[in-house]
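Enquirer: Sending over protein-v2.cif (mmCIF, C-alpha atoms (C1' of nucleotides)).
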data_coords
#
loop_
_atom_site.label_atom_id
_atom_site.label_comp_id
_atom_site.auth_asym_id
_atom_site.auth_seq_id
_atom_site.Cartn_x
_atom_site.Cartn_y
_atom_site.Cartn_z
CA MET R 294 107.72 153.49 117.17
CA SER R 295 110.31 153.00 114.39
CA ILE R 296 109.41 155.13 111.38
CA SER R 297 106.22 157.12 111.18
CA ARG R 298 103.32 155.80 109.19
CA ARG R 299 103.56 158.76 106.84
CA GLU R 300 107.07 157.76 105.80
CA GLU R 301 105.97 154.17 105.53
CA VAL R 302 103.33 155.25 103.03
CA LEU R 303 105.84 157.37 101.12
CA HIS R 304 108.26 154.49 100.76
CA ALA R 305 105.65 151.92 99.76
CA ALA R 306 104.16 154.30 97.20
CA ALA R 307 107.60 155.09 95.76
CA GLU R 308 108.30 151.40 95.32
CA LEU R 309 104.98 150.74 93.60
CA PHE R 310 105.18 153.84 91.40
CA ALA R 311 108.71 152.90 90.37
CA GLU R 312 107.71 149.36 89.45
CA GLN R 313 104.41 149.94 87.73
CA GLY R 314 104.02 153.65 87.08
CA PHE R 315 101.84 156.26 88.70
CA HIS R 316 98.56 155.47 86.94
CA ALA R 317 98.92 151.70 87.24
CA VAL R 318 98.89 151.88 91.04
CA GLY R 319 95.66 152.59 92.91
CA MET R 320 95.31 154.12 96.35
CA ARG R 321 93.98 150.80 97.62
CA ALA R 322 97.14 149.01 96.44
CA ILE R 323 99.34 151.49 98.30
CA ALA R 324 97.18 151.07 101.39
CA ASP R 325 97.45 147.28 101.15
CA ALA R 326 101.24 147.54 101.07
CA VAL R 327 101.25 149.23 104.47
CA GLY R 328 98.38 147.18 105.94
CA VAL R 329 95.73 149.90 105.99
CA ARG R 330 92.47 150.80 104.23
CA GLY R 331 92.50 153.13 101.24
CA SER R 332 90.63 155.93 102.91
CA SER R 333 93.21 156.14 105.69
CA LEU R 334 95.81 157.51 103.29
CA TYR R 335 93.86 160.75 103.06
CA HIS R 336 94.74 161.47 106.66
CA TYR R 337 98.35 162.04 105.52
CA PHE R 338 98.01 163.28 101.94
CA PRO R 339 95.13 165.31 100.49
CA SER R 340 95.28 163.50 97.14
CA LYS R 341 97.18 160.92 95.10
CA VAL R 342 98.98 163.63 93.15
CA ASP R 343 100.14 165.21 96.41
CA LEU R 344 101.60 161.85 97.34
CA LEU R 345 103.54 161.79 94.07
CA HIS R 346 104.56 165.39 94.68
CA ALA R 347 106.00 164.52 98.08
CA ILE R 348 107.96 161.58 96.71
CA ALA R 349 109.39 163.41 93.71
CA VAL R 350 110.26 166.73 95.31
CA ASP R 351 111.57 165.32 98.58
CA SER R 352 113.81 162.74 96.93
CA THR R 353 115.12 165.09 94.24
CA ARG R 354 115.86 167.82 96.75
CA ALA R 355 117.56 165.34 99.08
CA PHE R 356 119.78 164.17 96.22
CA ILE R 357 120.74 167.64 95.01
CA GLU R 358 121.53 168.87 98.51
CA SER R 359 123.57 165.81 99.44
CA GLN R 360 125.52 166.23 96.19
CA LEU R 361 126.14 169.96 96.25
CA GLU R 362 127.06 170.42 99.89
CA ASP R 363 130.68 169.25 99.80
CA LEU R 364 132.11 170.24 96.44
CA ASN R 365 134.84 172.50 97.77
CA PRO R 366 137.51 170.20 99.28
CA SER R 367 139.60 169.14 96.32
CA PRO R 368 141.57 171.81 94.49
CA ASP R 369 141.58 170.25 91.02
CA TYR R 370 138.50 169.94 88.86
CA ALA R 371 139.19 166.39 87.77
CA SER R 372 138.96 165.10 91.33
CA ARG R 373 135.84 167.11 91.98
CA VAL R 374 134.04 165.80 88.92
CA ARG R 375 135.18 162.27 89.67
CA LYS R 376 133.86 162.39 93.24
CA MET R 377 130.62 164.01 92.08
CA MET R 378 129.98 161.27 89.51
CA PHE R 379 131.00 158.46 91.84
CA ASP R 380 128.62 159.69 94.52
CA HIS R 381 125.92 160.21 91.92
CA VAL R 382 126.04 156.58 90.80
CA VAL R 383 126.06 155.20 94.34
CA TYR R 384 123.30 157.51 95.56
CA PHE R 385 121.10 156.73 92.55
CA HIS R 386 121.42 153.05 93.27
CA GLU R 387 120.66 153.34 96.97
CA HIS R 388 117.61 155.52 96.29
CA ARG R 389 116.69 153.97 92.97
CA MET R 390 112.97 153.69 93.67
CA GLU R 391 112.41 157.32 94.57
CA GLU R 392 114.71 158.60 91.84
CA ALA R 393 112.97 156.50 89.21
CA VAL R 394 109.70 158.14 90.16
CA GLY R 395 111.26 161.60 89.98
CA LEU R 396 112.58 160.86 86.49
CA ARG R 397 109.57 159.10 84.99
CA GLU R 398 106.46 160.80 86.32
CA LEU R 399 107.40 164.39 85.61
CA GLN R 400 104.63 165.05 83.12
CA GLU R 401 102.04 163.91 85.60
CA LEU R 402 103.12 166.64 88.00
CA ARG R 403 103.26 169.11 85.11
CA LYS R 404 99.61 168.42 84.40
CA HIS R 405 98.19 168.54 87.91
CA LYS R 406 100.77 170.48 89.94
CA PRO R 407 102.56 172.96 87.67
CA GLU R 408 104.39 174.70 90.51
CA ALA R 409 105.80 171.38 91.73
CA TYR R 410 106.92 170.61 88.20
CA THR R 411 108.83 173.87 87.80
CA GLU R 412 110.37 173.37 91.22
CA LEU R 413 111.68 169.98 90.13
CA GLN R 414 112.96 171.38 86.85
CA THR R 415 114.76 174.15 88.72
CA LEU R 416 116.38 171.69 91.12
CA ARG R 417 117.52 169.46 88.31
CA ARG R 418 118.79 172.43 86.33
CA THR R 419 120.79 173.62 89.31
CA TYR R 420 122.60 170.30 89.44
CA GLN R 421 123.16 170.20 85.70
CA ASN R 422 124.53 173.75 85.75
CA GLU R 423 126.93 172.88 88.53
CA LEU R 424 128.31 169.91 86.58
CA GLU R 425 128.59 171.97 83.40
CA ARG R 426 130.35 174.73 85.34
CA LEU R 427 132.92 172.32 86.73
CA ILE R 428 133.57 170.98 83.24
CA THR R 429 133.82 174.40 81.62
CA GLU R 430 136.12 175.87 84.27
CA GLY R 431 138.22 172.72 84.32
CA ARG R 432 138.68 173.03 80.59
CA ASP R 433 139.54 176.75 80.85
CA LYS R 434 142.16 175.85 83.47
CA GLY R 435 143.64 173.32 81.06
CA GLU R 436 142.64 170.25 83.05
CA PHE R 437 140.24 168.96 80.40
CA SER R 438 140.37 168.86 76.63
CA CYS R 439 136.60 168.68 76.31
CA GLU R 440 135.17 170.43 73.26
CA ASP R 441 131.49 170.97 74.00
CA PRO R 442 130.84 171.19 77.77
CA HIS R 443 127.07 171.60 77.38
CA ILE R 444 126.41 168.55 75.23
CA THR R 445 128.98 166.54 77.17
CA THR R 446 127.15 167.34 80.40
CA LEU R 447 123.87 166.08 78.96
CA ALA R 448 125.55 162.94 77.64
CA ILE R 449 127.10 162.23 81.04
CA LEU R 450 123.82 162.66 82.89
CA GLY R 451 122.07 160.39 80.41
CA MET R 452 124.73 157.74 81.06
CA VAL R 453 124.61 157.75 84.85
CA ASN R 454 120.83 158.11 85.10
CA THR R 455 120.23 154.94 83.09
CA ILE R 456 122.46 152.61 85.10
CA ASN R 457 119.50 151.46 87.18
CA ASP R 458 117.82 150.21 83.98
CA TRP R 459 120.34 147.40 83.59
CA TYR R 460 122.32 147.09 86.83
CA ARG R 461 121.61 144.04 88.99
CA PRO R 462 123.84 143.64 92.08
CA HIS R 463 124.09 139.85 91.96
CA ARG R 464 125.05 139.76 88.32
CA ASP R 465 127.12 142.93 87.93
CA GLY R 466 129.08 143.15 91.19
CA PRO R 467 129.28 145.97 93.75
CA ILE R 468 127.83 149.29 92.70
CA GLU R 469 131.07 150.95 93.77
CA ASP R 470 132.90 149.08 91.01
CA ILE R 471 130.44 150.39 88.45
CA ALA R 472 130.77 153.88 89.92
CA ASP R 473 134.54 153.64 89.51
CA ILE R 474 134.36 152.53 85.90
CA TYR R 475 131.86 155.24 85.02
CA SER R 476 133.87 157.91 86.84
CA SER R 477 137.00 157.00 84.92
CA LEU R 478 135.10 156.82 81.66
CA ILE R 479 133.79 160.32 82.30
CA VAL R 480 136.88 162.07 83.62
CA GLU R 481 139.69 160.40 81.72
CA ARG R 482 137.92 159.73 78.44
CA MET R 483 134.90 161.96 77.84
CA LEU R 484 136.50 165.00 79.44
CA GLY R 485 139.96 164.08 78.20
CA LYS R 486 141.76 164.73 81.44
CA THR R 487 145.24 165.94 80.53
CA ALA R 488 147.37 163.33 82.23
CA MET L 142 93.28 156.51 50.30
CA SER L 143 96.49 157.62 52.05
CA ILE L 144 97.39 155.47 55.04
CA SER L 145 95.12 152.79 56.42
CA ARG L 146 93.06 153.47 59.49
CA ARG L 147 94.93 150.80 61.37
CA GLU L 148 98.20 152.67 60.96
CA GLU L 149 96.45 155.90 61.83
CA VAL L 150 95.38 154.35 65.13
CA LEU L 151 98.89 153.00 65.76
CA HIS L 152 100.47 156.39 65.25
CA ALA L 153 97.93 158.30 67.35
CA ALA L 154 98.21 155.77 70.18
CA ALA L 155 102.01 155.91 70.07
CA GLU L 156 101.92 159.68 70.37
CA LEU L 157 99.52 159.61 73.31
CA PHE L 158 101.34 156.77 75.09
CA ALA L 159 104.64 158.60 74.64
CA GLU L 160 103.26 161.84 76.05
CA GLN L 161 101.17 160.56 78.94
CA GLY L 162 102.00 156.92 79.50
CA PHE L 163 100.04 153.77 78.76
CA HIS L 164 97.68 153.84 81.74
CA ALA L 165 96.95 157.56 81.50
CA VAL L 166 95.44 157.18 78.03
CA GLY L 167 92.02 155.60 77.56
CA MET L 168 90.70 153.86 74.49
CA ARG L 169 88.21 156.68 74.03
CA ALA L 170 91.03 159.24 73.95
CA ILE L 171 92.84 157.27 71.25
CA ALA L 172 89.59 156.97 69.31
CA ASP L 173 89.00 160.74 69.61
CA ALA L 174 92.44 161.41 68.15
CA VAL L 175 91.49 159.61 64.95
CA GLY L 176 87.85 160.79 64.88
CA VAL L 177 86.17 157.52 65.77
CA ARG L 178 84.24 155.95 68.64
CA GLY L 179 86.08 153.88 71.22
CA SER L 180 84.47 150.59 70.33
CA SER L 181 85.64 150.88 66.73
CA LEU L 182 89.24 150.32 67.81
CA TYR L 183 88.39 146.71 68.62
CA HIS L 184 87.89 146.08 64.94
CA TYR L 185 91.67 146.43 64.49
CA PHE L 186 93.11 145.33 67.85
CA PRO L 187 91.62 142.75 70.22
CA SER L 188 92.65 144.70 73.33
CA LYS L 189 94.49 147.77 74.56
CA VAL L 190 97.53 145.70 75.49
CA ASP L 191 97.65 144.28 71.96
CA LEU L 192 97.74 147.83 70.69
CA LEU L 193 100.75 148.51 72.90
CA HIS L 194 102.29 145.25 71.75
CA ALA L 195 101.98 146.25 68.10
CA ILE L 196 103.55 149.66 68.72
CA ALA L 197 106.45 148.39 70.79
CA VAL L 198 107.39 145.30 68.79
CA ASP L 199 106.88 146.81 65.36
CA SER L 200 108.88 149.94 66.09
CA THR L 201 111.68 148.12 67.88
CA ARG L 202 112.01 145.52 65.15
CA ALA L 203 111.95 148.22 62.47
CA PHE L 204 114.77 150.04 64.24
CA ILE L 205 116.95 146.99 64.78
CA GLU L 206 116.54 145.80 61.20
CA SER L 207 117.22 149.18 59.69
CA GLN L 208 120.35 149.44 61.83
CA LEU L 209 121.78 145.96 61.34
CA GLU L 210 121.24 145.54 57.61
CA ASP L 211 124.19 147.58 56.29
CA LEU L 212 127.01 147.13 58.73
CA ASN L 213 129.46 145.54 56.29
CA PRO L 214 130.65 148.34 53.97
CA SER L 215 133.43 150.05 55.87
CA PRO L 216 136.58 148.04 56.60
CA ASP L 217 137.59 149.74 59.86
CA TYR L 218 135.65 149.40 63.08
CA ALA L 219 135.83 153.07 64.00
CA SER L 220 133.88 154.08 60.91
CA ARG L 221 131.35 151.34 61.48
CA VAL L 222 130.68 152.31 65.07
CA ARG L 223 130.53 155.97 64.10
CA LYS L 224 127.96 155.35 61.37
CA MET L 225 125.96 153.05 63.63
CA MET L 226 125.77 155.68 66.39
CA PHE L 227 125.05 158.53 63.99
CA ASP L 228 122.16 156.63 62.44
CA HIS L 229 120.95 155.60 65.87
CA VAL L 230 120.63 159.20 67.02
CA VAL L 231 118.89 160.36 63.86
CA TYR L 232 116.52 157.39 63.76
CA PHE L 233 115.61 157.76 67.43
CA HIS L 234 114.70 161.37 66.82
CA GLU L 235 112.62 160.72 63.74
CA HIS L 236 110.73 157.91 65.46
CA ARG L 237 110.90 159.36 68.96
CA MET L 238 107.24 158.70 69.83
CA GLU L 239 107.28 154.99 69.07
CA GLU L 240 110.73 154.45 70.56
CA ALA L 241 109.75 156.22 73.78
CA VAL L 242 106.86 153.78 74.15
CA GLY L 243 109.16 150.83 73.51
CA LEU L 244 111.56 152.03 76.20
CA ARG L 245 109.10 153.11 78.89
CA GLU L 246 106.21 150.64 78.84
CA LEU L 247 108.19 147.41 78.93
CA GLN L 248 106.90 146.22 82.31
CA GLU L 249 103.33 146.58 81.12
CA LEU L 250 103.99 144.06 78.37
CA ARG L 251 105.91 141.87 80.81
CA LYS L 252 102.79 141.70 82.98
CA HIS L 253 100.15 141.03 80.35
CA LYS L 254 102.09 139.66 77.36
CA PRO L 255 105.19 137.82 78.58
CA GLU L 256 106.07 136.42 75.16
CA ALA L 257 106.01 139.91 73.65
CA TYR L 258 108.23 141.12 76.45
CA THR L 259 110.87 138.46 75.89
CA GLU L 260 110.71 139.12 72.16
CA LEU L 261 111.49 142.78 72.78
CA GLN L 262 114.29 141.91 75.19
CA THR L 263 115.80 139.56 72.61
CA LEU L 264 115.65 142.19 69.88
CA ARG L 265 117.24 144.79 72.10
CA ARG L 266 119.89 142.34 73.24
CA THR L 267 120.75 141.51 69.65
CA TYR L 268 121.48 145.14 68.96
CA GLN L 269 123.45 145.57 72.16
CA ASN L 270 125.51 142.48 71.39
CA GLU L 271 126.31 143.75 67.91
CA LEU L 272 127.59 147.06 69.29
CA GLU L 273 129.60 145.29 71.96
CA ARG L 274 131.05 142.95 69.36
CA LEU L 275 132.18 145.84 67.17
CA ILE L 276 133.82 147.48 70.17
CA THR L 277 135.52 144.31 71.37
CA GLU L 278 136.85 143.30 67.95
CA GLY L 279 137.90 146.87 67.23
CA ARG L 280 139.88 146.89 70.42
CA ASP L 281 141.44 143.49 69.66
CA LYS L 282 142.50 144.83 66.27
CA GLY L 283 144.14 147.79 68.00
CA GLU L 284 141.72 150.40 66.74
CA PHE L 285 140.36 151.22 70.18
CA SER L 286 141.97 151.55 73.59
CA CYS L 287 138.72 150.82 75.41
CA GLU L 288 139.12 148.92 78.69
CA ASP L 289 135.69 147.49 79.45
CA PRO L 290 133.65 146.89 76.27
CA HIS L 291 130.59 145.61 78.13
CA ILE L 292 130.12 148.52 80.51
CA THR L 293 131.13 150.98 77.81
CA THR L 294 128.41 149.59 75.56
CA LEU L 295 125.80 150.09 78.24
CA ALA L 296 127.04 153.61 78.94
CA ILE L 297 126.88 154.50 75.26
CA LEU L 298 123.34 153.18 74.86
CA GLY L 299 122.24 155.11 77.95
CA MET L 300 123.65 158.26 76.41
CA VAL L 301 122.06 158.04 73.00
CA ASN L 302 118.70 156.76 74.25
CA THR L 303 118.19 159.78 76.51
CA ILE L 304 118.79 162.47 73.90
CA ASN L 305 115.07 162.76 73.24
CA ASP L 306 114.57 163.73 76.90
CA TRP L 307 116.26 167.09 76.40
CA TYR L 308 116.65 167.69 72.65
CA ARG L 309 114.41 170.38 71.13
CA PRO L 310 115.05 171.14 67.43
CA HIS L 311 114.38 174.88 67.64
CA ARG L 312 116.69 175.40 70.58
CA ASP L 313 119.42 172.85 69.92
CA GLY L 314 119.90 172.95 66.15
CA PRO L 315 119.72 170.11 63.58
CA ILE L 316 119.69 166.60 64.97
CA GLU L 317 122.52 165.74 62.58
CA ASP L 318 124.79 168.11 64.47
CA ILE L 319 123.95 166.39 67.73
CA ALA L 320 124.51 163.02 66.09
CA ASP L 321 127.94 164.20 64.95
CA ILE L 322 128.96 165.42 68.38
CA TYR L 323 127.78 162.22 70.06
CA SER L 324 129.47 160.03 67.44
CA SER L 325 132.78 161.76 67.99
CA LEU L 326 132.36 161.65 71.75
CA ILE L 327 131.80 157.91 71.51
CA VAL L 328 134.44 156.89 68.97
CA GLU L 329 137.27 159.30 69.67
CA ARG L 330 136.85 159.68 73.41
CA MET L 331 134.98 156.82 75.06
CA LEU L 332 136.49 154.18 72.78
CA GLY L 333 139.80 156.01 72.58
CA LYS L 334 140.27 155.63 68.84
CA THR L 335 143.97 155.36 68.24
CA ALA L 336 144.52 158.34 65.92
"C1'" DT Y 111 70.53 146.71 41.77
"C1'" DT Y 112 71.37 143.55 44.91
"C1'" DC Y 113 74.32 141.31 48.23
"C1'" DG Y 114 77.69 140.67 51.67
"C1'" DA Y 115 81.38 141.88 54.13
"C1'" DA Y 116 84.01 145.46 56.29
"C1'" DA Y 117 83.70 149.40 59.19
"C1'" DT Y 118 81.49 152.11 62.41
"C1'" DC Y 119 77.94 153.16 65.46
"C1'" DT Y 120 74.96 153.32 70.02
"C1'" DA Y 121 74.35 151.44 74.35
"C1'" DA Y 122 75.47 149.14 78.01
"C1'" DC Y 123 78.12 145.93 81.20
"C1'" DG Y 124 80.85 145.13 85.53
"C1'" DA Y 125 84.88 146.60 87.62
"C1'" DA Y 126 88.05 149.79 89.38
"C1'" DC Y 127 89.18 154.36 90.15
"C1'" DG Y 128 89.97 158.73 93.44
"C1'" DT Y 129 87.63 160.65 96.92
"C1'" DT Y 130 84.25 161.82 100.78
"C1'" DC Y 131 81.67 161.13 104.92
"C1'" DG Y 132 80.46 159.86 109.37
"C1'" DA Y 133 81.17 156.56 112.83
"C1'" DC Y 134 84.31 154.24 115.82
"C1'" DC Y 135 88.38 153.25 118.76
"C1'" DG Y 136 92.20 153.96 121.80
"C1'" DA Y 137 95.10 157.02 124.32
"C1'" DC Y 138 95.63 161.13 126.61
"C1'" DT Y 139 94.12 165.24 129.70
"C1'" DC Y 140 91.29 167.33 133.17
"C1'" DG S 269 84.98 159.21 134.69
"C1'" DA S 270 84.04 162.63 130.97
"C1'" DG S 271 85.85 164.81 127.08
"C1'" DT S 272 89.14 165.54 123.30
"C1'" DC S 273 91.56 164.26 119.36
"C1'" DG S 274 94.55 161.77 116.07
"C1'" DG S 275 94.04 157.69 113.47
"C1'" DT S 276 91.43 154.17 111.25
"C1'" DC S 277 87.42 152.08 109.47
"C1'" DG S 278 83.24 150.62 106.45
"C1'" DA S 279 80.46 152.22 103.02
"C1'" DA S 280 79.26 154.74 99.55
"C1'" DC S 281 79.54 158.64 95.82
"C1'" DG S 282 80.12 159.70 90.92
"C1'" DT S 283 83.19 158.86 87.20
"C1'" DT S 284 85.93 156.53 84.10
"C1'" DC S 285 87.81 152.39 82.60
"C1'" DG S 286 88.30 148.26 79.08
"C1'" DT S 287 85.34 145.63 76.76
"C1'" DT S 288 81.15 143.48 74.51
"C1'" DA S 289 76.82 142.94 71.77
"C1'" DG S 290 74.03 144.05 68.32
"C1'" DA S 291 72.22 147.34 65.05
"C1'" DT S 292 73.46 150.34 61.30
"C1'" DT S 293 76.06 152.34 57.66
"C1'" DT S 294 79.38 152.18 53.77
"C1'" DC S 295 80.80 150.43 49.61
"C1'" DG S 296 82.91 147.55 46.12
"C1'" DA S 297 81.79 143.27 43.55
"C1'" DA S 298 78.45 140.39 41.09
#
What would the structure in this file look like if it were written as structure tokens?
Expert:
Amino acid sequence: MSISRREEVLHAAAELFAEQGFHAVGMRAIADAVGVRGSSLYHYFPSKVDLLHAIAVDSTRAFIESQLEDLNPSPDYASRVRKMMFDHVVYFHEHRMEEAVGLRELQELRKHKPEAYTELQTLRRTYQNELERLITEGRDKGEFSCEDPHITTLAILGMVNTINDWYRPHRDGPIEDIADIYSSLIVERMLGKTA
Amino acid sequence: MSISRREEVLHAAAELFAEQGFHAVGMRAIADAVGVRGSSLYHYFPSKVDLLHAIAVDSTRAFIESQLEDLNPSPDYASRVRKMMFDHVVYFHEHRMEEAVGLRELQELRKHKPEAYTELQTLRRTYQNELERLITEGRDKGEFSCEDPHITTLAILGMVNTINDWYRPHRDGPIEDIADIYSSLIVERMLGKTA
DNA sequence: TTCGAAATCTAACGAACGTTCGACCGACTC
DNA sequence: GAGTCGGTCGAACGTTCGTTAGATTTCGAA
């Protein structure tokens, strides 16, 4: 039994889309990757765009929910931001294929599935707002010396979302080490955590 | 006479590639954008991939050269890094179409024009090395308190290269203001400029 | 005014694309 | 053993793709 064929298709398509881009991958190539004929894919997804939709929305929602569910524990903002960023880096590496698709093929959904596009934008905005809120409140409480929480939030997200562009496990060591360095860079330096 | 038709094609193709991606744009669509038939494009470029090649290599080389030519003037490293980052942000905004193509369609060149791909990688690496060198030497001279110049360099480049993903002039104000905020964030905070 | 090259055109090629359709096959129920 | 149904198949559809070939136009130089 293992995993269902539908999930097998989703994973293979995510991998191919991430490597070559949505338009560079044909339905027959996806089908080949799971050992099936092209027409069989239409038993699980009504169209190629719906396949992209499933990959992007599912993976983005999974990320946001896994990240926002346990924010409460720590009392101080510095620890909360640090944990959030550490988990972000690790999660993005473990799910790098799906997340790459969610980041790169947005305009394709915007064209052919506007409601899926706005849903993704809303999800992403929710996460961004949460990070910006933590930074702003942490600064108001005197934990951070950050000057512009909004721009700083965007800068941070740009940093962590591009790690997958250069990170190679064999060359750069465990992803947890990178996550540690980035977390410190963010909390102690960019946010100016008041010792 | 104005600009030559060849450059007109390059600019139109860069815009379309940036908006929709290499594979989503057909030769006929590029031709339409300049008011010409599809087959006429082959008078200037032998293939679609060569068109991409020209856009990516030309724009990347233009950026690197414009950035590396006047690094000498200032004596202290902090000012040099600050100017380099400020110019980087402004340049990336002014040439955002071409630079987006250079960043996003790398694997397409890798597939069909390996030598162009390695050329781009070398150019980019040159720039990255120069930034890392400034940071390392600045730290050795006691100007910075930065701990890991290599990772910090990658984090910085990830930050500045993703500004175009969210920046909208009407909503976010002059690009020079953003460039100022980012430059300060980089030099004073991430590199820990010793006041 | 004539000539030749540069630039653009029309028309078509074979291939690949996303998608549809109807048949088939195996496993399950009655 | 007959019937049902989810899953897969082969084959084809209309379209678009990148590209080519050859005719035609444009236009400055001789």
Enquirer: Write out as a tab-separated table (two decimals) with C-alpha atoms (C1' of nucleotides), keeping the file's coordinate frame each polymer residue whose atoms come within 12 Å of Ala324 of chain R, counting all atoms listed in the file; drop sequence neighbours fewer than 2 positions from it.
Expert:
chain	number	residue	atom	x	y	z
R	298	ARG	CA	103.32	155.80	109.19
R	299	ARG	CA	103.56	158.76	106.84
R	301	GLU	CA	105.97	154.17	105.53
R	302	VAL	CA	103.33	155.25	103.03
R	303	LEU	CA	105.84	157.37	101.12
R	304	HIS	CA	108.26	154.49	100.76
R	305	ALA	CA	105.65	151.92	99.76
R	306	ALA	CA	104.16	154.30	97.20
R	309	LEU	CA	104.98	150.74	93.60
R	318	VAL	CA	98.89	151.88	91.04
R	319	GLY	CA	95.66	152.59	92.91
R	320	MET	CA	95.31	154.12	96.35
R	321	ARG	CA	93.98	150.80	97.62
R	322	ALA	CA	97.14	149.01	96.44
R	326	ALA	CA	101.24	147.54	101.07
R	327	VAL	CA	101.25	149.23	104.47
R	328	GLY	CA	98.38	147.18	105.94
R	329	VAL	CA	95.73	149.90	105.99
R	330	ARG	CA	92.47	150.80	104.23
R	331	GLY	CA	92.50	153.13	101.24
R	332	SER	CA	90.63	155.93	102.91
R	333	SER	CA	93.21	156.14	105.69
R	334	LEU	CA	95.81	157.51	103.29
R	335	TYR	CA	93.86	160.75	103.06
R	336	HIS	CA	94.74	161.47	106.66
R	337	TYR	CA	98.35	162.04	105.52
R	341	LYS	CA	97.18	160.92	95.10
S	276	DT	C1'	91.43	154.17	111.25
Enquirer: Enumerate, as a ChimeraX atom specification, the residues matched when the PyMOL selection byres ((chain Y and resi 125) around 12) is run on the file above.
Expert: /Y:123-124,126-127 /S:284-287
Enquirer: List as an MDAnalysis selection string the protein and nucleic acid residues near Gly333 of chain L, meaning an atom at most 10 Å away when all atoms listed in the file are counted, but skip any in the same chain fewer than 5 places from it.
Expert: (chainID R and resid 482:483 485) or (chainID L and resid 219 280 284:288 326:328)
Enquirer: Go ahead and write the selection's residues with C-alpha atoms as a JSON list (two decimals), in the coordinates of the input.
Expert:
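Final output, result.json:
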[["chain", "number", "residue", "atom", "x", "y", "z"],
["R", 482, "ARG", "CA", 137.92, 159.73, 78.44],
["R", 483, "MET", "CA", 134.90, 161.96, 77.84],
["R", 485, "GLY", "CA", 139.96, 164.08, 78.20],
["L", 219, "ALA", "CA", 135.83, 153.07, 64.00],
["L", 280, "ARG", "CA", 139.88, 146.89, 70.42],
["L", 284, "GLU", "CA", 141.72, 150.40, 66.74],
["L", 285, "PHE", "CA", 140.36, 151.22, 70.18],
["L", 286, "SER", "CA", 141.97, 151.55, 73.59],
["L", 287, "CYS", "CA", 138.72, 150.82, 75.41],
["L", 288, "GLU", "CA", 139.12, 148.92, 78.69],
["L", 326, "LEU", "CA", 132.36, 161.65, 71.75],
["L", 327, "ILE", "CA", 131.80, 157.91, 71.51],
["L", 328, "VAL", "CA", 134.44, 156.89, 68.97]]
Enquirer: Any idea which chain L residues end up within 9 Å of chain R if we count all atoms listed in the file, as a PyMOL selection string please?
Expert: chain L and resi 160-165+245+248-249+289+292-293+295-304+306-307+319+322-323+326-327+329-333
Enquirer: Starting from the shown file, work through the PyMOL selection byres ((chain Y) within 12 of (chain L)) and note down what comes out as a ChimeraX atom specification.
Expert: /Y:116-122,127
